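Everything below concerns the one structure shown next.
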Amino acid sequence: MATPDKATTKSKTPVKTKQIDNIHLLTQMIRIRQMEDKTYEMYTKQKIRGFLHLYDGEEAVAVGVIENLDKNDGIISNYREHGHALIAGVSMNSIMAEMYGKAEGCSGGRGGSMHLYDKEHNFFGGSAIVANGLPMAVGLGMAYKRQGNDRIACCIFGDGAVDEGEFHESMNLASLWELPVLFLCENNFYSMGMPFKYAEAETDLVKKADSYRVKGSRVDGMDIMAVLSESEKAINYVRKEKKPYFLECQTYRFRAHSMFDPERYRPKEEVKEWKQKDPIKTFTDRLQKDGELTDSRLKEIYKQVNEEVEASVKFAEEGTDEPLETLTRFLYSDDSIS
Ligand SMILES: Cc1ncc(C[n+]2csc(CCOP(=O)(O)OP(=O)(O)O)c2C)c(N)n1
Ligand SMILES: [Mg+2]
């Protein structure tokens with residue numbers, strides 16, 4: 001989807017297959033990381049307030065899946081969604097302004113970090129409520145089916161959402177009604193302080209999907225190439241067969257759950273081990289080893305991305321605080337967004 005570098009696409013029957021430039025993929029992951037590092041800094045300076053859930057370590061999932069979607073496909077996410085929104089094409093300026101609570105933000109400054117939303121890019125939200133997006137994605141899939149188009153709904157959620165009733169209801173209905181929904185589980189093995197293994201009686205999530213007759217697979221979410229390849233198969237299946245698919249990406253968040261979390265529930269050694277698999281570092285090393293990326297090109301990428309980040313901070317800082325007089329807008333449905 002939208003990007004600084006151009007992605008090349010080529011057609012292949014029966015479903016379109018994208019060929020995406022490796023440098024572009026790396027740049028997209030770096031854009032997420034650098035943008036979020038800046039939000040961390042601005043949070044500590046109290047420029048950004050409220051909750052802030054960062055995505056460090058999980059970038060290969062957002063990039064590896066969303067890059068394979070079409071721009072008309074819908075995306076519904078959770079509260080760790082800054083990267084999802086960015087790769088869906090939402091501008092960094094409007095994301096940063098939203099985090100600052102400015103009127104120029106993608107949700108008019110009303111949502112903040114957990115509620116990014118952009119109709120133009122079919123990004124139907126972030127949400128603070130765990131598993132909230134799943135039934136919404138079923139509804140979106142149903143709408144696309146009834147409209148008779150070939151759009152699909154991609155629903156992104158964490159392992160914690162699998163414990164919720166909505167997961168089971170949504171998988172069941174999407175399967176029963178044959179809806180074009182990609183259920184994308186970012187399994188980072190923790191739901192706040194709850195380790196995955198203590199939360200699930202059945203830790204094989206693909207088996208759970210199978211119990212609803214939803215086809216599924218699992219992939220190493222730290223490896224951008226693996227995610228790209230598996231998500232392409234999954235997306236093509238949903239689009240062509242018009243049936244749901246469950247894709248589990250096993251990943252890890254390098255930072256705390258949110259800005260308030262002493263992280264007593266996981267050993268420091270474990271974090272260190274996962275950091276060895278940093279998707280940006282491993283992909284950078286791979287491209288350099290293969291001679292696809294020179295040191296100077298890498299420097300240039302970081303320079304460009306950092307300029308984009310700084311520009312977004314400037315945009316947010318210069319943005320408009322909503323005046324008191326309009327604070328009650330949007331309470332009723334006819335108060336449309338201007
Ligand atoms: C319905 C609901 N229950 C509980 C919470 C509190 N809560 C916020 S984040 C979270 C953890 C969810 O973990 P996961 O889905 O694995 O996503 P991750 O944070 O790991 O990306 C919980 C339980 C909530 N927001 N909504
Ligand atoms: Mg989790």
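Within each chain, counting starts at residue 1; across the structure tokens, chains are named A, B, ... in the order shown, with ligands numbered 1 upward in that order.
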
Q: Name all residues at most 8 Å from A:Gly50 (count only C-alpha atoms; drop same-chain ones fewer than 2 positions away) and give them as a PyMOL selection string.
A: chain A and resi 48+52+112-113

Q: Name all residues at most 12 Å from A:Met142 (count only C-alpha atoms; drop same-chain ones fewer than 5 positions away) and give them as a PyMOL selection string.
A: chain A and resi 74+135-137+147-153+170+173-181+242-244

Q: Would you please extract all strand (DSSP E or B) residues from stretch 160-190 of chain A, as assigned by DSSP on the backbone, and give them as a PyMOL selection string?
A: chain A and resi 181-187+190

Q: Go through the chains and note each residue within 7 Å of ligand 1, using only C-alpha atoms and all ligand atoms, then give the set as a list of chain:residue names.
A: A:Arg80, A:Ala128, A:Ile129, A:Val130, A:Ala131, A:Phe157, A:Gly158, A:Asp159, A:Gly160, A:Ala161, A:Glu186, A:Asn187, A:Asn188, A:Phe189, A:Tyr190, A:Ser191, A:Met192, A:His257

Q: Would you work out the distance separating atom CA of A:Val214 from atom CA of A:His168, expressed in Å to one decimal?
A: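 Result for atom CA of A:Val214 versus atom CA of A:His168: 11.2 Å, one decimal.
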
Q.
What's around A:Ser91 at 12 Å? Count only C-alpha atoms, leave out sequence neighbours fewer than 3 positions away in its own chain, and write the answer as an MDAnalysis selection string.
A. chainID A and resid 1:4 31:32 35 82:88 94:98 104:106 116:118 120:121 123 308:309 311:312 315:316

Q: Mind the document's chain letters and residue numbers, and return as a ChimeraX atom specification the residues of stretch 185-329 of chain A that DSSP labels alpha helix (DSSP H).
A: /A:196-199,205-211,224-241,268-275,279-289,295-317

Q: Measure the distance from atom CA of A:Gln19 to atom CA of A:Gly125 in Å and round it to one decimal.
A: 27.4 Å

Q) For ligand 2, which residue among A:Lys47, A:Lys197, A:Arg146, A:Lys208 is the nearest when counting only C-alpha atoms and all ligand atoms? A) A:Lys197

Q: Counting only C-alpha atoms and all ligand atoms, figure out which residue out of A:Tyr237, A:Tyr252, A:Phe330, A:Phe260 gets nearest to ligand 2.
A: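 Using only C-alpha atoms and all ligand atoms, ligand 2 sits closest to A:Tyr252.
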
(Q) Under the rule that only C-alpha atoms and all ligand atoms are counted, which of A:Gln34, A:Ser127, A:Ser296, A:Thr251 is the nearest residue to ligand 2? (A)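 Closest to ligand 2 of all the choices is A:Thr251.
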
**Q.** Nearest to A:Asn236 by atom-to-atom distance, counting only C-alpha atoms, from A:Leu182, A:Ser211, A:Ile76, A:Leu54
**A.**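 Closest to A:Asn236 of all the choices is A:Leu182.
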
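Relative to atom CA of A:Cys185, atom CA of A:Glu164 is found at 13.1 Å.
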
(Q) Calculated over only C-alpha atoms and all ligand atoms, which of the candidates A:Ala199, A:Met222, A:Leu293, A:Ala209 has the smallest distance to ligand 2? (A)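 Answer, going by the shortest atom-to-atom distance: A:Ala199.
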